$ cat protein00.txt   # compact mmCIF, C-alpha atoms
# COMPACT_ATOMS: atom_id res chain seq x y z
CA GLN A 1 -14.11 -12.01 -8.80
CA TRP A 2 -16.85 -14.36 -9.94
CA ALA A 3 -15.41 -17.40 -8.19
CA THR A 4 -15.19 -15.74 -4.77
CA PHE A 5 -18.95 -15.40 -4.43
CA ALA A 6 -19.99 -18.75 -5.87
CA ARG A 7 -21.86 -21.22 -3.65
CA ALA A 8 -19.94 -24.50 -3.47
CA TRP A 9 -21.26 -28.02 -2.87
CA TYR A 10 -19.36 -30.19 -0.39
CA LEU A 11 -19.64 -33.96 -0.09
CA LEU A 12 -19.02 -35.58 3.29
CA ASP A 13 -18.89 -39.31 4.05
CA ALA A 14 -20.15 -40.09 7.55
CA ARG A 15 -19.21 -43.77 7.64
CA MET A 16 -17.70 -44.66 11.08
CA GLN A 17 -17.58 -40.99 12.08
CA PRO A 18 -18.90 -39.46 15.34
CA PRO A 19 -21.91 -37.31 14.45
CA GLY A 20 -20.67 -34.43 16.63
CA LYS A 21 -17.49 -33.97 14.62
CA ILE A 22 -19.40 -34.27 11.36
CA ALA A 23 -21.82 -31.65 12.56
CA ALA A 24 -19.05 -29.25 13.61
CA ALA A 25 -17.44 -29.33 10.17
CA THR A 26 -20.82 -29.06 8.41
CA VAL A 27 -21.98 -26.09 10.46
CA LEU A 28 -18.74 -24.26 9.65
CA ARG A 29 -19.35 -24.66 5.93
CA LEU A 30 -23.08 -24.03 6.03
CA GLU A 31 -22.57 -20.66 7.70
CA GLY A 32 -19.69 -19.76 5.39
CA ARG A 33 -17.20 -19.20 8.18
CA HIS A 34 -14.51 -21.02 6.19
CA LYS A 35 -14.40 -18.10 3.75
CA PRO A 36 -12.43 -14.87 4.27
CA ILE A 37 -15.43 -12.90 2.94
CA TYR A 38 -17.64 -14.15 5.76
CA HIS A 39 -20.21 -11.83 7.28
CA ALA A 40 -23.50 -12.76 8.94
CA LEU A 41 -25.43 -10.69 6.39
CA ASN A 42 -23.46 -11.91 3.40
CA ASP A 43 -25.32 -15.16 2.67
CA CYS A 44 -22.06 -16.85 1.75
CA GLY A 45 -22.82 -20.34 3.01
CA ASP A 46 -22.32 -23.47 0.95
CA HIS A 47 -24.35 -26.64 0.39
CA VAL A 48 -23.27 -29.81 2.20
CA VAL A 49 -24.28 -33.33 1.16
CA ILE A 50 -23.73 -36.03 3.81
CA ILE A 51 -23.86 -39.67 2.74
CA ASN A 52 -23.80 -42.90 4.77
CA THR A 53 -25.54 -41.38 7.77
CA ARG A 54 -26.86 -44.84 8.59
CA HIS A 55 -23.27 -45.90 9.45
CA ILE A 56 -22.32 -43.21 11.95
CA ALA A 57 -20.53 -44.33 15.12
CA PHE A 58 -21.08 -43.00 18.62
CA SER A 59 -18.19 -43.41 21.05
CA GLY A 60 -18.72 -45.00 24.45
CA ASN A 61 -22.16 -46.26 25.42
CA LYS A 62 -24.06 -43.43 23.81
CA TRP A 63 -26.12 -45.73 21.61
CA GLU A 64 -27.87 -46.98 24.76
CA GLN A 65 -27.45 -43.99 27.08
CA LYS A 66 -28.15 -40.98 24.85
CA VAL A 67 -31.81 -39.98 25.04
CA TYR A 68 -33.68 -37.83 22.54
CA SER A 69 -36.76 -36.24 24.11
CA SER A 70 -39.72 -34.55 22.50
CA HIS A 71 -43.23 -33.50 23.46
CA THR A 72 -46.17 -33.70 21.11
CA GLY A 73 -47.92 -30.78 22.80
CA TYR A 74 -50.77 -32.91 24.06
CA PRO A 75 -50.99 -33.92 27.74
CA GLY A 76 -49.09 -37.09 28.44
CA GLY A 77 -47.23 -36.73 25.17
CA PHE A 78 -43.68 -36.60 26.54
CA LYS A 79 -41.68 -39.15 24.55
CA GLN A 80 -38.15 -40.25 25.34
CA VAL A 81 -36.32 -42.36 22.83
CA THR A 82 -32.79 -43.83 22.97
CA ALA A 83 -30.37 -43.13 20.16
CA THR A 84 -30.61 -46.69 18.84
CA GLN A 85 -34.39 -46.57 18.60
CA LEU A 86 -34.34 -43.19 16.86
CA HIS A 87 -31.64 -44.34 14.44
CA LEU A 88 -33.65 -47.43 13.54
CA LYS A 89 -36.77 -45.35 12.99
CA ASP A 90 -35.04 -42.67 10.86
CA PRO A 91 -31.35 -43.10 9.94
CA THR A 92 -30.78 -39.41 9.15
CA ALA A 93 -32.46 -37.99 12.26
CA ILE A 94 -29.45 -38.08 14.59
CA VAL A 95 -27.19 -36.15 12.25
CA LYS A 96 -30.00 -33.74 11.38
CA LEU A 97 -30.79 -32.99 15.01
CA THR A 98 -27.11 -32.57 15.91
CA ILE A 99 -26.58 -30.06 13.13
CA TYR A 100 -29.82 -28.23 13.88
CA ARG A 101 -28.80 -27.80 17.49
CA MET A 102 -25.29 -26.64 16.56
CA LEU A 103 -26.41 -23.93 14.15
CA PRO A 104 -26.85 -20.39 15.55
CA LYS A 105 -30.30 -19.95 17.01
CA ASN A 106 -31.53 -17.32 14.58
CA LEU A 107 -33.84 -17.07 11.61
CA GLN A 108 -31.06 -18.17 9.28
CA ARG A 109 -31.09 -21.62 10.82
CA ARG A 110 -34.04 -22.84 8.74
CA THR A 111 -32.50 -21.63 5.45
CA LEU A 112 -29.21 -23.27 6.35
CA MET A 113 -31.00 -26.53 7.13
CA GLN A 114 -32.54 -26.35 3.66
CA ARG A 115 -29.00 -26.25 2.25
CA LEU A 116 -28.12 -29.47 4.07
CA HIS A 117 -28.78 -32.75 2.21
CA LEU A 118 -28.65 -36.07 4.06
CA PHE A 119 -28.61 -39.56 2.60
CA PRO A 120 -28.60 -42.73 4.67
CA GLU A 121 -26.67 -44.79 2.09
CA ASP A 122 -24.05 -44.18 -0.54
CA VAL A 123 -25.77 -43.01 -3.70
CA SER B 1 -17.28 18.30 -6.49
CA ALA B 2 -21.01 18.85 -7.11
CA MET B 3 -21.74 15.78 -4.98
CA ALA B 4 -19.43 17.07 -2.23
CA ALA B 5 -21.24 20.42 -2.35
CA GLN B 6 -24.57 18.61 -1.94
CA LEU B 7 -23.29 16.68 1.06
CA LEU B 8 -21.98 19.87 2.65
CA LEU B 9 -25.25 21.66 1.86
CA SER B 10 -27.13 18.96 3.71
CA ARG B 11 -24.97 19.82 6.75
CA SER B 12 -26.12 23.43 6.60
CA ARG B 13 -29.70 22.21 6.18
CA TRP B 14 -29.20 20.26 9.43
CA LEU B 15 -28.27 23.56 11.08
CA LEU B 16 -31.40 25.13 9.60
CA ALA B 17 -33.48 22.25 10.93
CA GLY B 18 -31.89 22.85 14.30
CA VAL B 19 -33.07 26.42 14.02
CA GLY B 20 -36.70 25.41 13.38
CA ALA B 21 -36.82 22.70 16.06
CA GLY B 22 -34.88 24.83 18.54
CA ALA B 23 -37.20 27.77 18.07
CA GLY B 24 -40.24 25.53 18.53
CA ALA B 25 -38.77 23.87 21.66
CA VAL B 26 -37.84 27.21 23.16
CA ARG B 27 -41.33 28.54 22.55
CA ALA B 28 -42.85 25.49 24.21
CA ALA B 29 -40.44 25.48 27.20
CA LEU B 30 -40.15 29.09 28.37
CA ARG B 31 -40.84 32.55 27.07
CA THR B 32 -37.71 34.69 26.98
CA ALA B 33 -37.32 37.92 25.10
CA PRO B 34 -35.75 37.31 21.66
CA SER B 35 -32.05 38.29 21.62
CA ARG B 36 -31.22 41.34 19.55
CA ASP B 37 -27.62 40.54 18.63
CA LYS B 38 -27.22 37.36 16.55
CA LYS B 39 -30.13 35.33 15.18
CA ARG B 40 -30.15 31.52 15.29
CA TRP B 41 -30.51 31.17 11.55
CA LEU B 42 -27.45 33.30 10.89
CA ARG B 43 -24.90 30.53 11.21
CA ALA B 44 -26.80 28.20 8.86
CA TYR B 45 -27.30 30.99 6.34
CA LEU B 46 -23.62 31.95 6.33
CA GLU B 47 -22.63 28.30 5.97
CA GLN B 48 -24.88 27.90 2.95
CA GLN B 49 -23.56 31.09 1.38
CA ARG B 50 -20.00 29.88 1.90
CA LEU B 51 -20.76 26.56 0.17
CA GLU B 52 -22.75 28.01 -2.69
CA GLU B 53 -20.17 30.52 -3.87
CA PRO B 54 -18.25 29.43 -7.04
CA PRO B 55 -14.76 27.89 -6.63
CA ARG B 56 -11.97 30.45 -6.71
CA ARG B 57 -8.29 30.16 -7.38
CA ARG B 58 -6.09 29.87 -4.31
CA SER B 59 -4.14 32.88 -5.62
CA GLU B 60 -7.29 35.02 -5.31
CA LYS B 61 -7.89 34.00 -1.70
CA PRO B 62 -6.10 35.80 1.15
CA ASN B 63 -2.60 34.92 2.41
CA TRP B 64 -0.97 34.14 -0.92
CA ASP B 65 2.66 34.87 -1.77
CA TYR B 66 3.62 33.34 -5.12
CA HIS B 67 7.37 33.39 -4.64
CA ALA B 68 7.11 31.83 -1.19
CA GLU B 69 4.71 29.17 -2.45
CA VAL B 70 7.02 28.22 -5.31
CA GLN B 71 9.97 27.93 -2.91
CA ALA B 72 7.85 25.88 -0.52
CA PHE B 73 6.86 23.56 -3.40
CA GLY B 74 10.50 22.80 -4.08
CA ARG B 75 11.26 22.23 -0.40
CA ARG B 76 8.20 20.03 0.09
CA LEU B 77 9.46 17.65 -2.56
CA HIS B 78 13.00 17.68 -1.10
CA GLU B 79 14.28 18.76 -4.51
CA ASP B 80 16.59 21.59 -5.57
CA PHE B 81 14.91 23.59 -8.32
CA SER B 82 16.29 26.67 -10.00
CA LEU B 83 13.46 29.11 -9.34
CA GLU B 84 13.31 30.76 -12.78
CA LEU B 85 12.97 27.38 -14.47
CA LEU B 86 10.29 26.34 -12.01
CA LYS B 87 8.35 29.57 -12.44
CA ALA B 88 8.62 29.19 -16.21
CA ALA B 89 7.30 25.64 -15.85
CA PHE B 90 4.11 26.86 -14.20
CA VAL B 91 3.29 29.41 -16.92
CA ASP B 92 0.75 28.16 -19.42
CA ALA B 93 0.24 29.43 -22.98
CA SER B 94 -3.37 30.40 -22.30
CA TYR B 95 -2.18 32.58 -19.42
CA ILE B 96 0.21 34.51 -21.67
CA GLU B 97 -2.56 35.08 -24.23
CA SER B 98 -5.02 36.25 -21.61
CA GLU B 99 -2.41 38.64 -20.12
CA GLU B 100 -1.64 40.10 -23.56
CA GLU B 101 -5.36 40.56 -24.22
CA ARG B 102 -5.81 42.34 -20.94
CA ARG B 103 -2.92 44.66 -21.66
CA ARG B 104 -4.26 45.38 -25.13
CA GLN B 105 -7.67 46.17 -23.67
CA LEU B 106 -6.09 48.52 -21.16
CA GLY B 107 -4.48 50.29 -24.10
CA LEU B 108 -0.80 49.62 -23.28
CA ASP B 109 1.44 49.49 -26.34
CA LYS B 110 4.35 47.90 -24.51
CA GLU B 111 3.88 44.18 -24.99
CA THR B 112 7.49 43.44 -24.26
CA VAL B 113 6.63 42.67 -20.60
CA ALA B 114 4.32 39.84 -21.64
CA LEU B 115 6.86 38.39 -24.08
CA SER B 116 9.46 38.03 -21.35
CA LEU B 117 7.31 35.33 -19.78
CA GLN B 118 8.39 31.99 -21.18
CA ASP B 119 6.08 29.18 -22.14
CA ASN B 120 6.23 25.78 -20.50
CA ARG B 121 5.79 23.92 -23.76
CA SER B 122 9.44 23.08 -24.40
CA LEU B 123 10.00 22.06 -20.78
CA ALA B 124 6.84 19.94 -20.94
CA ASP B 125 8.01 18.13 -24.09
CA GLN B 126 11.41 17.48 -22.54
CA GLY B 127 9.88 16.22 -19.32
CA GLN B 128 7.40 13.97 -21.06
CA ALA B 129 10.00 12.42 -23.37
CA PHE B 130 12.36 11.84 -20.46
CA SER B 131 9.78 10.23 -18.18
CA ARG B 132 8.39 8.02 -20.96
CA SER B 133 11.82 6.73 -21.91
CA TYR B 134 12.81 6.20 -18.29
CA LEU B 135 9.60 4.31 -17.46
CA ARG B 136 9.99 2.16 -20.56
CA ARG B 137 13.55 1.28 -19.55
CA CYS B 138 12.37 0.48 -16.00
CA PHE B 139 9.73 -1.92 -17.22
CA GLU B 140 12.05 -3.54 -19.72
CA VAL B 141 14.45 -4.30 -16.88
CA ALA B 142 11.80 -5.39 -14.40
CA TYR B 143 9.57 -7.45 -16.72
CA PRO B 144 11.88 -8.69 -19.48
CA ASP B 145 9.30 -11.16 -20.81
CA LEU B 146 6.62 -8.51 -21.33
CA PRO B 147 6.31 -7.69 -25.07
CA ALA B 148 6.64 -4.19 -26.50
CA GLU B 149 2.88 -3.57 -26.64
CA GLY B 150 2.62 -4.46 -22.96
CA THR B 151 5.32 -2.02 -21.83
CA GLY B 152 3.89 0.59 -24.23
CA ALA B 153 0.45 0.14 -22.68
CA LEU B 154 1.86 0.48 -19.15
CA VAL B 155 3.82 3.64 -20.04
CA ASN B 156 0.80 5.14 -21.84
CA PHE B 157 -1.39 4.46 -18.84
CA LEU B 158 1.09 6.03 -16.43
CA THR B 159 1.49 9.15 -18.59
CA SER B 160 -2.22 9.42 -19.40
CA GLN B 161 -4.19 12.58 -18.64
CA GLU B 162 -6.32 11.31 -15.75
CA LEU B 163 -3.47 9.78 -13.80
CA VAL B 164 -1.00 12.64 -14.25
CA SER B 165 -3.66 15.27 -13.50
CA TYR B 166 -4.64 13.31 -10.37
CA VAL B 167 -1.03 13.24 -9.15
CA ALA B 168 -0.56 16.91 -10.05
CA ARG B 169 -3.73 17.96 -8.23
CA ASN B 170 -2.60 16.22 -5.08
CA LEU B 171 0.83 17.89 -5.26
CA SER B 172 -0.87 21.34 -5.26
CA ILE B 173 0.18 22.09 -8.84
CA GLN B 174 -3.35 23.31 -9.50
CA ASP B 175 -2.79 26.20 -7.07
CA LEU B 176 0.56 27.17 -8.60
CA THR B 177 -0.26 27.01 -12.34
CA LEU B 178 -0.95 30.29 -14.09
CA CYS B 179 -3.79 29.42 -16.42
CA ARG B 180 -6.77 31.17 -17.96
CA GLU B 181 -9.46 28.74 -16.79
CA PHE B 182 -10.33 27.60 -13.32
CA PRO B 183 -10.61 24.72 -12.27
CA VAL B 184 -7.53 23.89 -14.32
CA PRO B 185 -8.35 21.36 -17.10
CA PRO B 186 -6.54 17.99 -16.90
CA ASP B 187 -4.44 18.39 -20.06
CA VAL B 188 -3.00 21.67 -18.73
CA LEU B 189 -2.19 19.92 -15.44
CA GLN B 190 -0.49 17.11 -17.32
CA ARG B 191 1.57 19.59 -19.36
CA THR B 192 2.52 21.55 -16.25
CA PHE B 193 3.57 18.43 -14.34
CA PHE B 194 5.79 17.32 -17.20
CA ALA B 195 7.17 20.87 -17.38
CA VAL B 196 8.06 20.61 -13.68
CA ILE B 197 9.84 17.34 -14.43
CA GLY B 198 11.65 19.08 -17.31
CA ALA B 199 12.68 21.92 -15.00
CA LEU B 200 13.98 19.38 -12.47
CA LEU B 201 15.90 17.66 -15.24
CA ARG B 202 17.53 20.94 -16.28
CA SER B 203 18.31 21.96 -12.68
CA SER B 204 19.40 18.78 -10.90
CA GLY B 205 20.36 16.33 -13.64
CA PRO B 206 19.00 13.01 -14.85
CA GLU B 207 19.68 10.83 -11.80
CA LYS B 208 17.60 12.88 -9.37
CA THR B 209 14.83 13.28 -11.95
CA GLU B 210 14.76 9.52 -12.49
CA ILE B 211 14.30 8.96 -8.75
CA PHE B 212 11.53 11.59 -8.74
CA VAL B 213 9.69 10.00 -11.66
CA ARG B 214 10.04 6.56 -10.11
CA ASP B 215 8.69 7.72 -6.75
CA PHE B 216 5.63 9.42 -8.16
CA PHE B 217 4.59 7.28 -11.11
CA ILE B 218 5.31 3.70 -10.19
CA PRO B 219 3.15 3.57 -7.00
CA GLU B 220 0.14 4.25 -9.24
CA LEU B 221 0.47 0.67 -10.47
CA ILE B 222 -0.11 -0.77 -6.99
CA GLY B 223 -3.30 -2.80 -6.94
CA ARG B 224 -3.75 -2.56 -10.70
CA ASP B 225 -3.84 -5.67 -12.82
CA LEU B 226 -1.91 -5.92 -16.12
CA PHE B 227 -5.01 -6.48 -18.22
CA GLU B 228 -6.85 -3.55 -16.65
CA VAL B 229 -4.20 -1.33 -18.17
CA TRP B 230 -3.49 -3.26 -21.37
CA GLU B 231 -6.49 -4.11 -23.56
CA VAL B 232 -6.04 -7.58 -25.02
CA VAL B 233 -8.79 -8.75 -27.35
CA ASN B 234 -7.72 -12.36 -27.87
CA PRO B 235 -5.73 -13.65 -24.89
CA MET B 236 -5.84 -17.24 -26.12
CA GLY B 237 -4.20 -16.35 -29.43
CA LEU B 238 -1.53 -14.30 -27.66
CA LEU B 239 -0.89 -17.19 -25.28
CA VAL B 240 -0.45 -19.64 -28.16
CA GLU B 241 2.05 -17.25 -29.78
CA GLU B 242 3.98 -16.86 -26.53
CA LEU B 243 4.16 -20.62 -26.00
CA ALA B 244 5.26 -21.14 -29.61
CA LYS B 245 8.10 -18.67 -28.97
CA ARG B 246 9.18 -20.72 -25.97
CA ASN B 247 8.80 -24.05 -27.85
CA ILE B 248 6.01 -25.37 -25.63
CA CYS B 249 3.08 -27.17 -27.23
CA ALA B 250 -0.35 -25.61 -27.55
CA PRO B 251 -2.44 -25.61 -24.37
CA GLU B 252 -5.32 -28.02 -23.92
CA PRO B 253 -8.30 -26.68 -21.97
CA ARG B 254 -10.11 -28.98 -19.52
CA ILE B 255 -12.86 -28.25 -17.01
CA THR B 256 -11.38 -28.71 -13.52
CA ARG B 257 -14.33 -27.68 -11.36
CA GLN B 258 -17.90 -26.82 -12.19
CA LEU B 259 -20.83 -25.71 -10.16
CA GLY B 260 -24.49 -25.07 -10.91
CA GLY B 261 -24.45 -25.61 -14.67
CA SER B 262 -28.20 -25.25 -15.12
CA THR B 263 -28.70 -22.46 -12.59
CA VAL B 264 -28.64 -18.67 -12.93
CA LEU B 265 -25.14 -18.45 -11.40
CA PRO B 266 -22.98 -21.14 -12.92
CA LEU B 267 -19.26 -21.32 -12.22
CA TYR B 268 -16.67 -23.17 -14.28
CA PHE B 269 -12.97 -23.54 -13.55
CA VAL B 270 -11.02 -24.27 -16.72
CA GLY B 271 -7.43 -25.47 -16.50
CA LEU B 272 -4.92 -25.19 -19.36
CA TYR B 273 -2.61 -28.19 -19.67
CA CYS B 274 0.59 -28.58 -21.69
CA ASP B 275 1.81 -32.17 -22.05
CA LYS B 276 -0.46 -33.15 -19.15
CA LYS B 277 1.13 -30.52 -16.86
CA ILE B 278 -0.97 -27.66 -15.55
CA LEU B 279 -0.22 -24.18 -16.87
CA ALA B 280 -2.96 -22.05 -15.32
CA GLU B 281 -6.51 -22.26 -14.00
CA GLY B 282 -9.18 -19.60 -14.29
CA PRO B 283 -12.82 -19.18 -13.23
CA GLY B 284 -15.68 -17.86 -15.32
CA GLU B 285 -19.43 -17.68 -15.70
CA THR B 286 -19.51 -19.83 -18.85
CA VAL B 287 -16.96 -22.32 -20.16
CA LEU B 288 -15.75 -19.83 -22.79
CA ALA B 289 -15.35 -17.02 -20.25
CA ALA B 290 -13.48 -19.40 -17.95
CA GLU B 291 -11.14 -20.45 -20.77
CA GLU B 292 -10.39 -16.80 -21.59
CA GLU B 293 -9.69 -16.07 -17.93
CA ALA B 294 -7.39 -19.09 -17.71
CA ALA B 295 -5.50 -17.78 -20.77
CA ARG B 296 -5.12 -14.41 -19.03
CA VAL B 297 -3.84 -16.07 -15.85
CA ALA B 298 -1.33 -18.04 -17.92
CA LEU B 299 -0.15 -14.84 -19.65
CA ARG B 300 0.25 -13.11 -16.31
CA LYS B 301 2.39 -16.00 -15.08
CA LEU B 302 4.53 -15.99 -18.24
CA TYR B 303 5.14 -12.23 -18.11
CA GLY B 304 5.88 -12.31 -14.41
CA TYR B 305 3.12 -9.79 -13.57
CA THR B 306 1.27 -11.91 -10.99
CA GLU B 307 -0.23 -10.62 -7.73
CA ASN B 308 2.49 -12.32 -5.70
CA ARG B 309 5.50 -10.95 -7.57
CA ARG B 310 8.23 -9.11 -5.68
CA PRO B 311 7.13 -5.54 -4.97
CA TRP B 312 9.00 -2.72 -6.69
CA ASP B 313 12.44 -1.97 -5.25
CA TYR B 314 12.57 1.72 -4.31
CA SER B 315 15.71 1.47 -2.21
CA LYS B 316 18.40 2.43 -4.71
CA PRO B 317 18.54 4.06 -8.14
CA LYS B 318 17.62 1.55 -10.79
CA PRO B 319 20.60 -0.07 -12.56
CA GLY B 320 18.95 0.61 -15.93
CA LEU B 321 20.65 4.03 -16.13
CA ALA B 322 22.03 3.56 -19.60
CA ALA B 323 24.09 6.64 -20.42

$ encode --input "protein00.txt" --output "C-alpha cells"
Amino acid sequence: QWATFARAWYLLDARMQPPGKIAAATVLRLEGRHKPIYHALNDCGDHVVIINTRHIAFSGNKWEQKVYSSHTGYPGGFKQVTATQLHLKDPTAIVKLTIYRMLPKNLQRRTLMQRLHLFPEDV
Amino acid sequence: SAMAAQLLLSRSRWLLAGVGAGAGAVRAALRTAPSRDKKRWLRAYLEQQRLEEPPRRRSEKPNWDYHAEVQAFGRRLHEDFSLELLKAAFVDASYIESEEERRRQLGLDKETVALSLQDNRSLADQGQAFSRSYLRRCFEVAYPDLPAEGTGALVNFLTSQELVSYVARNLSIQDLTLCREFPVPPDVLQRTFFAVIGALLRSSGPEKTEIFVRDFFIPELIGRDLFEVWEVVNPMGLLVEELAKRNICAPEPRITRQLGGSTVLPLYFVGLYCDKKILAEGPGETVLAAEEEAARVALRKLYGYTENRRPWDYSKPKPGLAA
C-alpha cells in the first residue's frame, strides 16, 4: 500500500544521551532495517533529525581520553584532538563522526548521511 | 499461452545456438568425419516443431479412455457420482449440434442416436442455483453485519466466469468436456462445472454437495479484500448510513500523521473519530484519498471482514443447513 513505501521523518533528542547509543538507533532507521520490507537495494531508509547534540554525555573519562585523529594530507599535518576540544569547535561533529563510522562502508553511506540532520540546540 | 510458447521456443533456440557453437568448436578443435546417423540440429528442430504445433484436445492425443477418465475424475475428488449423470454433465449443447451436423453430412438419416445424448443445461441451472443459495447462506451466517449488496457481490464474484473457469481448468474439466471448440471457452467451462455440481447434487444429496462447494469456492477468497470484490463508489456515505443504523454519531475526520506535504510523494493518515474515540485510520496520497481509505477501513471493521478475522472453519458441515 501507499503507506508502506513512504519515507518517514524521525526526531531524536540527544540531551544527556551517550552518542554511541544514539548512533546505533539512527543507523538502524537510516538504513531502513526497522522495516519488514528492508532490502539493501530497496532504498527504504528514513530521515532522522537529531536535536540537542551540544548536550550529549560521554560515560567515564571519555571527554578527556577519547582522541579524534585526522591528517590533512600534507607532511606534518597529523592532528590529534580530544573529544572536548572537538565538541567545543563543532558541537555536531562527534555525533556525525560516530554515525558515519557506524554506517556500512559502501557507496550508500554518503546518501544516508545526507538524510541525517543534526542541530546543536533545540529548535 | 502465447507467452509460454515464446519462452519454450527460446529454449529450443538455445539448443540451436548450441548446434552452431558446438559445430564451430568441433571444427576448431579436431577434424572428425561427420556422423551419418543423427545430426546435431535434429533435436532442436524437433523441439521447435513440437512447440509450434497447434494445441490439441487431450482426447485426440494417445492413451485416452473416456470411461476410465470419468471414473478417475470421480475418484480423484473422493466423491460418489452416478456415471450417467456425470457423463451427461460433460456434454455441451454445441457438441450435440456438431455431432448432428456431422451425421447429416455423412448422409445418415437416423438422428435418434444423437438425440439420446442429454444436454447439461438443466443440470447446470440446478447446480448454479444450489451453489449460489448455499454460498449466500454461508456468508449470511459468517458475516451477519454485511448488507445484502455485499453478500451479493461476494457470491457473484465467486460464481463469475473467470474464477469458475479457472477452478474447472485446474480440475481437468477442460479435458473431459465434449465441446465443439478447443480450447474450451470460459462460459462453457463454467456451465460444465455447475453441471458437475448438479450431477453431484442428484447423486449424493445436498450435504455432500454443500461440502464440495465450500471446499472449492471459499478458498478463492483467501488473500482477497472485500472492496476488491465489491465496488463501492461512496464509502463515506455508506459508513454514515451504517453508523446511523447503529445509533452512533457521524464520524469526524482528523489528520493523524502527515509526511512530505509539498513533495511529489506526500502521505497523509486520516483518522475517523466518533465522540472523540477513534473508529479507524487510513493512509492516502492526498487528504481526500486518505479519508476515503479510512472510511473503507472503518467499514471493514464494522462488517467483520478485516485481515485478522478468524479464518474460515472447514472442519465440520456448516450449521446453516436450513432444510

$ closest_atom_pairs --input "protein00.txt" --of "chain B" --to "chain A" --cutoff "7 Å" --atoms "only C-alpha atoms" --output "Markdown table"
| residue | atom | partner | partner_atom | distance |
| --- | --- | --- | --- | --- |
| B:Leu259 | CA | A:Ala8 | CA | 6.9 |
| B:Leu267 | CA | A:Ala3 | CA | 6.8 |
| B:Pro283 | CA | A:Ala3 | CA | 5.9 |
| B:Gly284 | CA | A:Trp2 | CA | 6.5 |

$ residues_around --input "protein00.txt" --residues "Glu242 of chain B" --least-positions-apart "3" --cutoff "10 Å" --atoms "all atoms listed in the file" --output "JSON, numbers by chain"
{"B": [145, 147, 236, 237, 238, 239, 245, 246, 247, 248, 250, 299, 302, 303]}

$ residues_around --input "protein00.txt" --residues "Thr177 of chain B" --least-positions-apart "6" --cutoff "10 Å" --atoms "all atoms listed in the file" --output "list in words"
Arg57, Ser59, Lys87, Ala88, Ala89, Phe90, Val91, Asp92, Tyr95, Val184, Val188, Leu189, Thr192 and Phe193 of chain B

$ residues_around --input "protein00.txt" --residues "Lys62 of chain A" --least-positions-apart "3" --cutoff "9 Å" --atoms "only C-alpha atoms" --output "list in words"
Phe58, Ser59, Gln65, Lys66, Val67, Thr82, Ala83 and Thr84 of chain A

$ closest_residue --input "protein00.txt" --among "A:Asp13, A:Glu64, A:Asp46, A:Glu31" --to "Leu118 of chain A" --atoms "all atoms listed in the file"
A:Asp13

$ closest_residue --input "protein00.txt" --among "B:Gln118, B:Thr209, B:Ser160, B:Gln105" --to "Ser131 of chain B" --atoms "only C-alpha atoms"
B:Thr209

$ residues_near_point --input "protein00.txt" --point "(-21.1, -34.4, 1.9)" --cutoff "8 Å" --atoms "only C-alpha atoms" --output "list in words"
Trp9, Tyr10, Leu11, Leu12, Asp13, Val48, Val49, Ile50, Ile51 and His117 of chain A

$ residues_near_point --input "protein00.txt" --point "(-3.8, -22.7, -13.9)" --cutoff "8 Å" --atoms "all atoms listed in the file" --output "ChimeraX atom specification"
/B:270-272,278-282,294,297-298

$ residues_around --input "protein00.txt" --residues "Gly45 of chain A" --least-positions-apart "3" --cutoff "8 Å" --atoms "only C-alpha atoms" --output "PyMOL selection string"
chain A and resi 7+29-33+112

$ atom_distance --input "protein00.txt" --atom1 "atom CA of Asp65 of chain B" --atom2 "atom CA of Leu178 of chain B"
13.6 Å

$ atom_distance --input "protein00.txt" --atom1 "atom CA of Gly74 of chain B" --atom2 "atom CA of Ala124 of chain B"
17.5 Å

$ residues_around --input "protein00.txt" --residues "segment 18-24 of chain A" --least-positions-apart "5" --cutoff "6 Å" --atoms "only C-alpha atoms" --output "PyMOL selection string"
chain A and resi 57-58+95+99

$ atom_distance --input "protein00.txt" --atom1 "atom CA of Thr92 of chain A" --atom2 "atom CA of Phe119 of chain A"
6.9 Å

$ closest_residue --input "protein00.txt" --among "B:Leu85, B:Val232, B:Ala68, B:Leu226" --to "Thr306 of chain B" --atoms "all atoms listed in the file"
B:Leu226

$ axis_aligned_box --input "protein00.txt" --around "segment 58-64 of chain A" --padding-each-side "8 Å" --output "AutoDock Vina command-line options"
--center_x -23.0 --center_y -45.0 --center_z 22.0 --size_x 25.7 --size_y 20.0 --size_z 22.8

$ closest_residue --input "protein00.txt" --among "B:Glu181, B:Glu100, B:Asp175, B:Glu210" --to "Ser133 of chain B" --atoms "only C-alpha atoms"
B:Glu210
